[in-house]
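Undergrad: The file below is upload_31.cif, mmCIF, C-alpha atoms and all ligand atoms:
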data_input
#
loop_
_atom_site.label_atom_id
_atom_site.label_comp_id
_atom_site.auth_asym_id
_atom_site.auth_seq_id
_atom_site.Cartn_x
_atom_site.Cartn_y
_atom_site.Cartn_z
CA MET X 32 13.58 17.40 -36.74
CA ARG X 33 11.47 14.54 -38.15
CA LYS X 34 7.67 14.55 -38.06
CA LYS X 35 6.76 12.53 -34.99
CA LEU X 36 5.18 9.09 -35.14
CA ILE X 37 2.63 8.51 -32.41
CA VAL X 38 1.52 4.88 -32.03
CA GLY X 39 -1.21 3.62 -29.74
CA ASN X 40 -0.82 0.21 -28.14
CA TRP X 41 -4.29 -0.83 -27.08
CA LYS X 42 -2.97 -3.99 -25.42
CA MET X 43 -5.82 -6.41 -24.54
CA ASN X 44 -8.47 -3.71 -24.37
CA GLY X 45 -11.48 -2.83 -26.48
CA SER X 46 -14.76 -4.14 -27.82
CA LEU X 47 -16.46 -3.59 -31.17
CA ALA X 48 -18.68 -0.90 -29.67
CA ALA X 49 -15.98 0.89 -27.66
CA ASN X 50 -13.55 0.77 -30.59
CA ALA X 51 -16.13 2.28 -32.95
CA GLU X 52 -16.56 5.23 -30.61
CA LEU X 53 -12.83 5.73 -30.14
CA LEU X 54 -12.09 5.43 -33.87
CA ALA X 55 -14.79 7.94 -34.76
CA ALA X 56 -13.41 10.45 -32.26
CA LEU X 57 -9.84 9.95 -33.48
CA LYS X 58 -10.83 10.38 -37.12
CA ALA X 59 -12.77 13.53 -36.29
CA GLY X 60 -9.90 15.06 -34.33
CA PHE X 61 -6.86 13.90 -36.29
CA ASP X 62 -4.85 16.49 -38.16
CA ALA X 63 -2.27 14.87 -40.43
CA ALA X 64 -0.05 17.93 -40.11
CA GLN X 65 0.45 17.18 -36.41
CA ALA X 66 2.08 13.79 -36.51
CA ASP X 67 1.89 10.39 -38.17
CA LEU X 68 -0.60 8.32 -36.21
CA ALA X 69 -1.01 4.56 -35.91
CA LEU X 70 -3.05 2.22 -33.72
CA CYS X 71 -1.94 -1.28 -32.75
CA ALA X 72 -5.02 -3.28 -31.82
CA PRO X 73 -5.80 -6.85 -30.76
CA ALA X 74 -5.91 -9.14 -33.84
CA PRO X 75 -9.70 -9.73 -33.84
CA TYR X 76 -10.27 -6.00 -34.34
CA LEU X 77 -7.86 -5.41 -37.22
CA LEU X 78 -10.56 -5.69 -39.90
CA GLN X 79 -12.67 -3.23 -37.92
CA LEU X 80 -9.74 -0.82 -37.97
CA GLN X 81 -9.24 -1.39 -41.67
CA ALA X 82 -12.89 -0.61 -42.41
CA ALA X 83 -12.90 2.47 -40.18
CA LEU X 84 -9.48 3.94 -40.95
CA GLN X 85 -8.97 3.30 -44.66
CA GLY X 86 -8.40 6.67 -46.31
CA SER X 87 -8.22 8.51 -42.98
CA GLY X 88 -4.43 8.90 -42.89
CA ILE X 89 -4.31 6.93 -39.63
CA ALA X 90 -2.41 3.66 -39.98
CA TRP X 91 -3.00 0.49 -38.01
CA GLY X 92 -1.07 -2.54 -36.93
CA ALA X 93 -0.87 -5.54 -34.63
CA GLN X 94 0.79 -6.13 -31.27
CA ASP X 95 2.59 -9.36 -32.13
CA VAL X 96 3.29 -11.70 -35.04
CA SER X 97 4.30 -15.31 -35.43
CA ALA X 98 7.93 -16.15 -36.10
CA HIS X 99 6.64 -18.83 -38.49
CA GLU X 100 5.59 -18.19 -42.04
CA GLY X 101 2.45 -20.36 -41.83
CA GLY X 102 1.16 -23.86 -41.21
CA ALA X 103 0.46 -25.98 -38.13
CA TYR X 104 0.96 -23.39 -35.39
CA THR X 105 -2.38 -23.26 -33.59
CA GLY X 106 -3.24 -19.83 -32.28
CA GLU X 107 -0.52 -17.99 -34.17
CA VAL X 108 -1.10 -15.14 -36.60
CA SER X 109 1.29 -14.75 -39.54
CA ALA X 110 2.76 -11.59 -40.97
CA ALA X 111 1.01 -12.27 -44.28
CA MET X 112 -2.34 -12.40 -42.45
CA LEU X 113 -1.62 -9.04 -40.87
CA ARG X 114 -0.85 -7.60 -44.31
CA ASP X 115 -4.16 -9.06 -45.50
CA CYS X 116 -5.83 -6.97 -42.82
CA GLY X 117 -4.11 -3.86 -44.14
CA CYS X 118 -1.62 -3.53 -41.31
CA ARG X 119 1.39 -1.30 -41.81
CA TYR X 120 2.99 -1.93 -38.44
CA VAL X 121 3.48 -4.71 -35.95
CA ILE X 122 4.94 -4.39 -32.46
CA VAL X 123 7.56 -7.04 -31.69
CA GLY X 124 9.36 -7.71 -28.43
CA HIS X 125 7.07 -5.69 -26.17
CA SER X 126 8.26 -6.21 -22.60
CA GLU X 127 4.95 -7.83 -21.68
CA ARG X 128 5.65 -10.51 -24.29
CA ARG X 129 9.27 -10.86 -23.22
CA GLN X 130 8.16 -11.15 -19.58
CA TYR X 131 4.92 -13.16 -19.69
CA HIS X 132 5.60 -15.23 -22.81
CA HIS X 133 9.33 -15.65 -22.32
CA GLU X 134 10.24 -14.22 -25.72
CA SER X 135 13.99 -14.21 -26.25
CA ASP X 136 16.04 -11.67 -28.19
CA ASP X 137 16.43 -14.26 -30.96
CA LEU X 138 12.71 -14.92 -31.22
CA VAL X 139 11.99 -11.19 -31.35
CA ALA X 140 14.59 -10.84 -34.10
CA LEU X 141 12.92 -13.63 -36.10
CA LYS X 142 9.57 -11.91 -35.74
CA ALA X 143 11.06 -8.66 -37.00
CA GLN X 144 12.49 -10.55 -39.97
CA ARG X 145 9.12 -12.14 -40.76
CA ALA X 146 7.39 -8.78 -40.52
CA LEU X 147 9.81 -7.12 -42.93
CA ALA X 148 9.58 -10.02 -45.39
CA ALA X 149 5.80 -9.53 -45.52
CA GLY X 150 6.07 -5.77 -46.06
CA LEU X 151 5.24 -4.75 -42.50
CA THR X 152 7.23 -2.27 -40.43
CA PRO X 153 8.23 -3.88 -37.14
CA ILE X 154 8.20 -1.64 -34.09
CA VAL X 155 10.99 -3.29 -32.12
CA CYS X 156 10.66 -2.71 -28.37
CA VAL X 157 13.73 -2.63 -26.16
CA GLY X 158 14.07 -1.58 -22.55
CA GLU X 159 15.64 -2.34 -19.23
CA THR X 160 14.02 -3.44 -15.97
CA LEU X 161 14.45 -1.41 -12.81
CA PRO X 162 17.10 -3.79 -11.41
CA ASP X 163 18.97 -3.46 -14.73
CA ARG X 164 18.89 0.33 -14.48
CA GLU X 165 19.91 0.33 -10.85
CA ALA X 166 22.83 -1.96 -11.66
CA GLY X 167 23.99 0.39 -14.44
CA ARG X 168 23.11 -2.17 -17.12
CA THR X 169 20.66 -0.08 -19.18
CA GLU X 170 22.95 0.47 -22.16
CA PHE X 171 24.14 -3.14 -22.18
CA VAL X 172 20.58 -4.50 -22.16
CA VAL X 173 19.07 -2.28 -24.84
CA LYS X 174 22.09 -2.74 -27.12
CA ARG X 175 21.91 -6.51 -26.70
CA GLN X 176 18.20 -6.51 -27.56
CA LEU X 177 18.65 -4.30 -30.62
CA SER X 178 21.77 -6.10 -31.75
CA ALA X 179 19.84 -9.38 -32.19
CA VAL X 180 17.44 -7.62 -34.57
CA ILE X 181 20.20 -5.80 -36.46
CA HIS X 182 21.98 -9.08 -37.11
CA ALA X 183 18.82 -10.84 -38.22
CA VAL X 184 17.51 -8.19 -40.60
CA GLY X 185 20.79 -6.98 -42.11
CA HIS X 186 20.43 -4.26 -44.71
CA CYS X 187 16.68 -3.94 -43.96
CA CYS X 188 17.61 -2.34 -40.67
CA SER X 189 16.80 1.12 -41.99
CA GLU X 190 13.15 -0.03 -42.33
CA ILE X 191 12.56 -0.76 -38.66
CA VAL X 192 11.07 1.48 -35.99
CA VAL X 193 12.63 1.12 -32.54
CA ALA X 194 10.71 1.82 -29.33
CA TYR X 195 12.68 2.46 -26.16
CA GLU X 196 10.38 1.36 -23.37
CA PRO X 197 11.94 1.17 -19.93
CA VAL X 198 10.02 -1.66 -18.27
CA TRP X 199 9.76 0.27 -14.99
CA ALA X 200 7.93 3.10 -16.80
CA ILE X 201 5.27 1.01 -18.53
CA GLY X 202 1.85 1.41 -17.02
CA THR X 203 3.30 2.78 -13.79
CA GLY X 204 2.68 6.49 -14.26
CA LEU X 205 6.41 6.95 -13.76
CA SER X 206 7.82 8.11 -17.09
CA ALA X 207 11.53 8.29 -17.79
CA SER X 208 12.74 11.87 -17.62
CA ALA X 209 13.40 13.59 -20.92
CA ALA X 210 17.13 13.41 -20.21
CA GLN X 211 17.01 9.70 -19.43
CA ALA X 212 15.06 9.01 -22.61
CA GLN X 213 17.35 11.14 -24.78
CA ALA X 214 20.45 9.45 -23.40
CA VAL X 215 19.21 5.97 -24.33
CA HIS X 216 17.83 7.10 -27.69
CA ALA X 217 21.23 8.53 -28.59
CA VAL X 218 22.86 5.19 -27.75
CA LEU X 219 20.35 3.34 -29.94
CA ARG X 220 20.79 5.75 -32.83
CA ALA X 221 24.56 5.39 -32.64
CA GLN X 222 24.16 1.62 -32.70
CA LEU X 223 21.94 1.80 -35.80
CA ARG X 224 24.37 4.19 -37.46
CA ALA X 225 27.30 1.89 -36.76
CA ALA X 226 25.39 -1.03 -38.26
CA THR X 227 24.05 0.60 -41.41
CA GLY X 228 26.11 3.72 -42.00
CA GLN X 229 23.06 5.89 -41.37
CA ALA X 230 20.30 6.14 -38.83
CA GLU X 231 18.38 9.17 -39.96
CA ARG X 232 15.59 7.09 -41.53
CA ASN X 233 14.93 5.13 -38.37
CA ARG X 234 12.36 6.48 -36.01
CA ILE X 235 13.09 5.82 -32.35
CA LEU X 236 9.97 6.13 -30.20
CA TYR X 237 9.77 6.54 -26.45
CA GLY X 238 7.20 4.49 -24.53
CA GLY X 239 6.38 4.30 -20.84
CA SER X 240 3.67 6.42 -19.21
CA MET X 241 3.77 9.07 -21.92
CA ASN X 242 0.70 11.27 -21.60
CA ALA X 243 -0.70 14.66 -22.58
CA ALA X 244 1.20 16.35 -19.75
CA ASN X 245 4.71 15.00 -20.36
CA ALA X 246 4.63 14.40 -24.13
CA ALA X 247 5.98 17.78 -25.24
CA GLU X 248 9.09 17.58 -23.10
CA LEU X 249 9.86 14.03 -24.19
CA LEU X 250 9.16 14.74 -27.87
CA ARG X 251 11.38 17.82 -27.78
CA GLN X 252 14.48 15.64 -27.38
CA PRO X 253 16.46 15.47 -30.60
CA ASP X 254 16.53 11.65 -30.77
CA VAL X 255 12.93 11.07 -29.65
CA ASP X 256 10.99 10.65 -32.90
CA GLY X 257 7.64 9.86 -31.39
CA GLY X 258 5.86 7.79 -28.79
CA LEU X 259 4.45 4.34 -28.19
CA ILE X 260 1.47 4.99 -25.99
CA GLY X 261 -0.43 2.44 -23.90
CA GLY X 262 -2.95 3.76 -21.38
CA ALA X 263 -3.22 7.24 -22.85
CA SER X 264 -4.11 5.85 -26.30
CA LEU X 265 -7.44 4.51 -25.04
CA LYS X 266 -8.98 7.96 -24.72
CA ALA X 267 -9.24 10.06 -27.89
CA ALA X 268 -8.59 13.35 -26.12
CA SER X 269 -5.34 12.28 -24.47
CA PHE X 270 -4.04 10.49 -27.57
CA LEU X 271 -4.83 13.48 -29.80
CA SER X 272 -3.16 15.86 -27.30
CA ILE X 273 0.03 13.83 -27.63
CA ALA X 274 -0.17 14.15 -31.44
CA ALA X 275 -0.72 17.88 -31.04
CA ALA X 276 2.34 18.08 -28.80
CA GLY X 277 4.29 16.52 -31.67
CA LEU X 278 3.37 19.44 -33.90
CA ALA X 279 4.08 22.06 -31.24
CA VAL X 280 7.56 20.65 -30.84
CA LEU X 281 8.18 20.73 -34.60
CA GLN X 282 7.06 24.35 -34.79
CA THR X 283 9.38 25.51 -32.02
CA ASN X 284 12.43 23.89 -33.63
C1 LIG X 301 3.14 0.27 -23.70
O1 LIG X 301 2.49 -0.67 -23.27
O2 LIG X 301 3.78 0.15 -24.75
C2 LIG X 301 3.14 1.52 -22.93
C3 LIG X 301 4.00 2.44 -23.24
O3 LIG X 301 2.20 1.62 -21.94
P1 LIG X 301 1.87 2.93 -21.05
O4 LIG X 301 1.86 4.11 -21.99
O5 LIG X 301 0.55 2.65 -20.47
O6 LIG X 301 2.97 3.05 -20.05
#
Give the structure from the file, written as structure tokens.
TA:
Amino acid sequence: MRKKLIVGNWKMNGSLAANAELLAALKAGFDAAQADLALCAPAPYLLQLQAALQGSGIAWGAQDVSAHEGGAYTGEVSAAMLRDCGCRYVIVGHSERRQYHHESDDLVALKAQRALAAGLTPIVCVGETLPDREAGRTEFVVKRQLSAVIHAVGHCCSEIVVAYEPVWAIGTGLSASAAQAQAVHAVLRAQLRAATGQAERNRILYGGSMNAANAAELLRQPDVDGGLIGGASLKAASFLSIAAAGLAVLQTN
């Protein structure tokens, strides 16, 4: 079983003062043996994360990136700029961006391509809505979303992280069951394997109301390589408990 990757998605939360407190608590409590840890913060705070986390073993990243390389795109942030801020990761295709900013599969794929070209690891989010699940379209939807990225990035596919985030589970307190998560993760891994001949390097994270109480069961699934955590990443204690669950799972396997 791979060491788990636990990524916090702060969404549009934080302030310089609140971040400083959270970062100090995370650095004090983080044990690199437990899991790989990363924080995806709003762009204005990336330099704060760089200053606080450099040398700590905790990585950081952004929540979105422009599909353009640079130039006259007011308000956009390029992949090269994120690298300048020391980012290792960038989330692309989060359902909140697909839903509220109408991001298409093709746009998400372009963003993943831009990220890889700049030396960033894209965390590619896929996931079905509740109507999709109820109509039996889960597999179709997540495969379509991932397929766009696979086609765009070609042989670099082994460098991406995938996050399965059922839209109905995000921020609702209603996590997918471990069996539901494992079933979709297995589909995604098979798709990656079919595309590249291997899928062991790819980490596939689960996201959607993961918390200290349900993390161990989700992380115990053979194809769940970690978590993308929203709400529970804003409190050091709950985020660190999820990382600790990652280690407990490794030790019992
Ligand atoms: C997310 O936004 O990626 C997420 C998983 O949120 P939450 O953990 O709050 O459901």
Undergrad: Using CA of Leu281 in chain X and CA of Ile181 in chain X as the two end points, give the distance in Å to one decimal.
TA: 29.2 Å
Undergrad: Any idea what's packed within 10 Å of range 84-86 of chain X, counting only C-alpha atoms, ignoring anything in its chain fewer than 4 positions away? Could you give it as a VMD selection string?
TA: chain X and resid 54 to 55 57 to 58 69 to 70 78 to 80 90 to 91 117
Undergrad: Please identify the residues whose atoms come within 7 Å of ligand LIG 301 (chain X), using all atoms listed in the file, and report them as a list in words.
TA: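 Result of the 7 Å neighbour search around ligand LIG 301 (chain X): Asn40, Lys42, His125, Glu196, Ala200, Ile201, Gly202, Thr203, Gly204, Gly238, Gly239, Ser240, Met241, Leu259, Ile260, Gly261, Gly262 and Ala263 of chain X.
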Undergrad: Find, counting all atoms listed in the file, the residue in X:Pro73, X:Gly150, X:Gly101, X:Gly158 that gets nearest to Pro197 in chain X.
TA: X:Gly158
Undergrad: Pick out the closest residue to Glu231 in chain X from this set: X:Ala210, X:Ala279, X:Ile191, X:Cys71. Count all atoms listed in the file.
TA: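 For Glu231 in chain X, the nearest of the candidates is X:Ile191.
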Undergrad: Could you name the residues that touch Cys156 in chain X at 7 Å or less, counting only C-alpha atoms, but leaving out those on the same chain fewer than 4 positions away, as a list in words?
TA: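 Here the answer would be Val123, Gly124, His125, Val193, Ala194, Tyr195 and Glu196 of chain X.
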Undergrad: Could you tell me how far CA of His99 in chain X lies from CA of Ala225 in chain X, in Å and to one decimal?
TA: 29.3 Å
Undergrad: Box for range 272-283 of chain X - axis-aligned, 5 Å on each of the six sides, all listed atoms - centre and size in Å to one decimal, as lines of an AutoDock Vina configuration file.
TA:
center_x = 3.1
center_y = 19.7
center_z = -31.0
size_x = 22.5
size_y = 21.7
size_z = 17.5
Undergrad: CA of Leu141 in chain X to CA of Asp95 in chain X: how many Å, to one decimal?
TA: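 So the answer is 11.9 Å.
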Undergrad: When you look at Ala244 in chain X with a cut-off of 12 Å (counting all atoms listed in the file), what residues show up, excluding the ones that are within fewer than 5 positions of it in the same chain? I need them as a list in words.
TA: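 Those residues are Gly204, Ser206, Leu249, Leu250, Ala263, Ser269, Phe270, Ser272, Ile273, Ala274, Ala275 and Ala276 of chain X.
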Undergrad: Could you please fill out range 245-269 of chain X with N, CA, C and O atoms and send it back as an mmCIF file, in the frame of the given file?
TA:
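That gives us selection-v5.cif:
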data_model
loop_
_atom_site.group_PDB
_atom_site.id
_atom_site.type_symbol
_atom_site.label_atom_id
_atom_site.label_comp_id
_atom_site.auth_asym_id
_atom_site.auth_seq_id
_atom_site.Cartn_x
_atom_site.Cartn_y
_atom_site.Cartn_z
ATOM 1 N N ASN X 245 3.237 15.098 -20.229
ATOM 2 C CA ASN X 245 4.710 15.000 -20.360
ATOM 3 C C ASN X 245 5.188 14.827 -21.804
ATOM 4 O O ASN X 245 6.396 14.796 -22.063
ATOM 5 N N ALA X 246 4.235 14.723 -22.753
ATOM 6 C CA ALA X 246 4.630 14.400 -24.130
ATOM 7 C C ALA X 246 5.551 15.457 -24.739
ATOM 8 O O ALA X 246 6.555 15.128 -25.373
ATOM 9 N N ALA X 247 5.213 16.722 -24.547
ATOM 10 C CA ALA X 247 5.980 17.780 -25.240
ATOM 11 C C ALA X 247 7.447 17.727 -24.837
ATOM 12 O O ALA X 247 8.340 17.817 -25.688
ATOM 13 N N GLU X 248 7.689 17.566 -23.558
ATOM 14 C CA GLU X 248 9.090 17.580 -23.100
ATOM 15 C C GLU X 248 9.851 16.368 -23.653
ATOM 16 O O GLU X 248 11.002 16.486 -24.075
ATOM 17 N N LEU X 249 9.195 15.228 -23.646
ATOM 18 C CA LEU X 249 9.860 14.030 -24.190
ATOM 19 C C LEU X 249 10.085 14.168 -25.697
ATOM 20 O O LEU X 249 11.174 13.884 -26.211
ATOM 21 N N LEU X 250 9.069 14.657 -26.402
ATOM 22 C CA LEU X 250 9.160 14.740 -27.870
ATOM 23 C C LEU X 250 10.121 15.825 -28.329
ATOM 24 O O LEU X 250 10.547 15.829 -29.478
ATOM 25 N N ARG X 251 10.449 16.740 -27.436
ATOM 26 C CA ARG X 251 11.380 17.820 -27.780
ATOM 27 C C ARG X 251 12.824 17.315 -27.896
ATOM 28 O O ARG X 251 13.681 17.978 -28.467
ATOM 29 N N GLN X 252 13.097 16.155 -27.353
ATOM 30 C CA GLN X 252 14.480 15.640 -27.380
ATOM 31 C C GLN X 252 14.873 15.283 -28.809
ATOM 32 O O GLN X 252 14.075 14.710 -29.555
ATOM 33 N N PRO X 253 16.082 15.613 -29.187
ATOM 34 C CA PRO X 253 16.460 15.470 -30.600
ATOM 35 C C PRO X 253 16.390 14.037 -31.141
ATOM 36 O O PRO X 253 16.162 13.848 -32.329
ATOM 37 N N ASP X 254 16.564 13.035 -30.274
ATOM 38 C CA ASP X 254 16.530 11.650 -30.770
ATOM 39 C C ASP X 254 15.218 10.938 -30.441
ATOM 40 O O ASP X 254 15.115 9.726 -30.637
ATOM 41 N N VAL X 255 14.246 11.676 -29.934
ATOM 42 C CA VAL X 255 12.930 11.070 -29.650
ATOM 43 C C VAL X 255 12.007 11.420 -30.830
ATOM 44 O O VAL X 255 11.577 12.558 -30.983
ATOM 45 N N ASP X 256 11.729 10.411 -31.656
ATOM 46 C CA ASP X 256 10.990 10.650 -32.900
ATOM 47 C C ASP X 256 9.503 10.378 -32.778
ATOM 48 O O ASP X 256 8.800 10.366 -33.790
ATOM 49 N N GLY X 257 9.057 10.114 -31.569
ATOM 50 C CA GLY X 257 7.640 9.860 -31.390
ATOM 51 C C GLY X 257 7.409 9.060 -30.128
ATOM 52 O O GLY X 257 8.301 8.948 -29.277
ATOM 53 N N GLY X 258 6.202 8.515 -30.018
ATOM 54 C CA GLY X 258 5.860 7.790 -28.790
ATOM 55 C C GLY X 258 5.088 6.524 -29.078
ATOM 56 O O GLY X 258 4.360 6.426 -30.073
ATOM 57 N N LEU X 259 5.284 5.546 -28.216
ATOM 58 C CA LEU X 259 4.450 4.340 -28.190
ATOM 59 C C LEU X 259 3.630 4.458 -26.907
ATOM 60 O O LEU X 259 4.194 4.483 -25.806
ATOM 61 N N ILE X 260 2.332 4.558 -27.085
ATOM 62 C CA ILE X 260 1.470 4.990 -25.990
ATOM 63 C C ILE X 260 0.495 3.871 -25.608
ATOM 64 O O ILE X 260 -0.263 3.413 -26.469
ATOM 65 N N GLY X 261 0.506 3.463 -24.360
ATOM 66 C CA GLY X 261 -0.430 2.440 -23.900
ATOM 67 C C GLY X 261 -1.701 3.085 -23.363
ATOM 68 O O GLY X 261 -2.605 3.451 -24.108
ATOM 69 N N GLY X 262 -1.744 3.264 -22.054
ATOM 70 C CA GLY X 262 -2.950 3.760 -21.380
ATOM 71 C C GLY X 262 -3.552 5.006 -22.012
ATOM 72 O O GLY X 262 -4.772 5.082 -22.219
ATOM 73 N N ALA X 263 -2.715 5.961 -22.343
ATOM 74 C CA ALA X 263 -3.220 7.240 -22.850
ATOM 75 C C ALA X 263 -3.721 7.152 -24.297
ATOM 76 O O ALA X 263 -4.234 8.133 -24.837
ATOM 77 N N SER X 264 -3.583 5.973 -24.928
ATOM 78 C CA SER X 264 -4.110 5.850 -26.300
ATOM 79 C C SER X 264 -5.564 5.367 -26.286
ATOM 80 O O SER X 264 -6.201 5.292 -27.336
ATOM 81 N N LEU X 265 -6.083 5.045 -25.111
ATOM 82 C CA LEU X 265 -7.440 4.510 -25.040
ATOM 83 C C LEU X 265 -8.499 5.589 -24.932
ATOM 84 O O LEU X 265 -9.700 5.306 -24.945
ATOM 85 N N LYS X 266 -8.042 6.832 -24.775
ATOM 86 C CA LYS X 266 -8.980 7.960 -24.720
ATOM 87 C C LYS X 266 -8.596 8.907 -25.859
ATOM 88 O O LYS X 266 -7.432 9.335 -25.944
ATOM 89 N N ALA X 267 -9.561 9.241 -26.704
ATOM 90 C CA ALA X 267 -9.240 10.060 -27.890
ATOM 91 C C ALA X 267 -8.578 11.369 -27.484
ATOM 92 O O ALA X 267 -7.591 11.788 -28.094
ATOM 93 N N ALA X 268 -9.099 12.015 -26.462
ATOM 94 C CA ALA X 268 -8.590 13.350 -26.120
ATOM 95 C C ALA X 268 -7.120 13.295 -25.728
ATOM 96 O O ALA X 268 -6.314 14.121 -26.180
ATOM 97 N N SER X 269 -6.741 12.321 -24.907
ATOM 98 C CA SER X 269 -5.340 12.280 -24.470
ATOM 99 C C SER X 269 -4.427 11.860 -25.625
ATOM 100 O O SER X 269 -3.335 12.418 -25.808
#
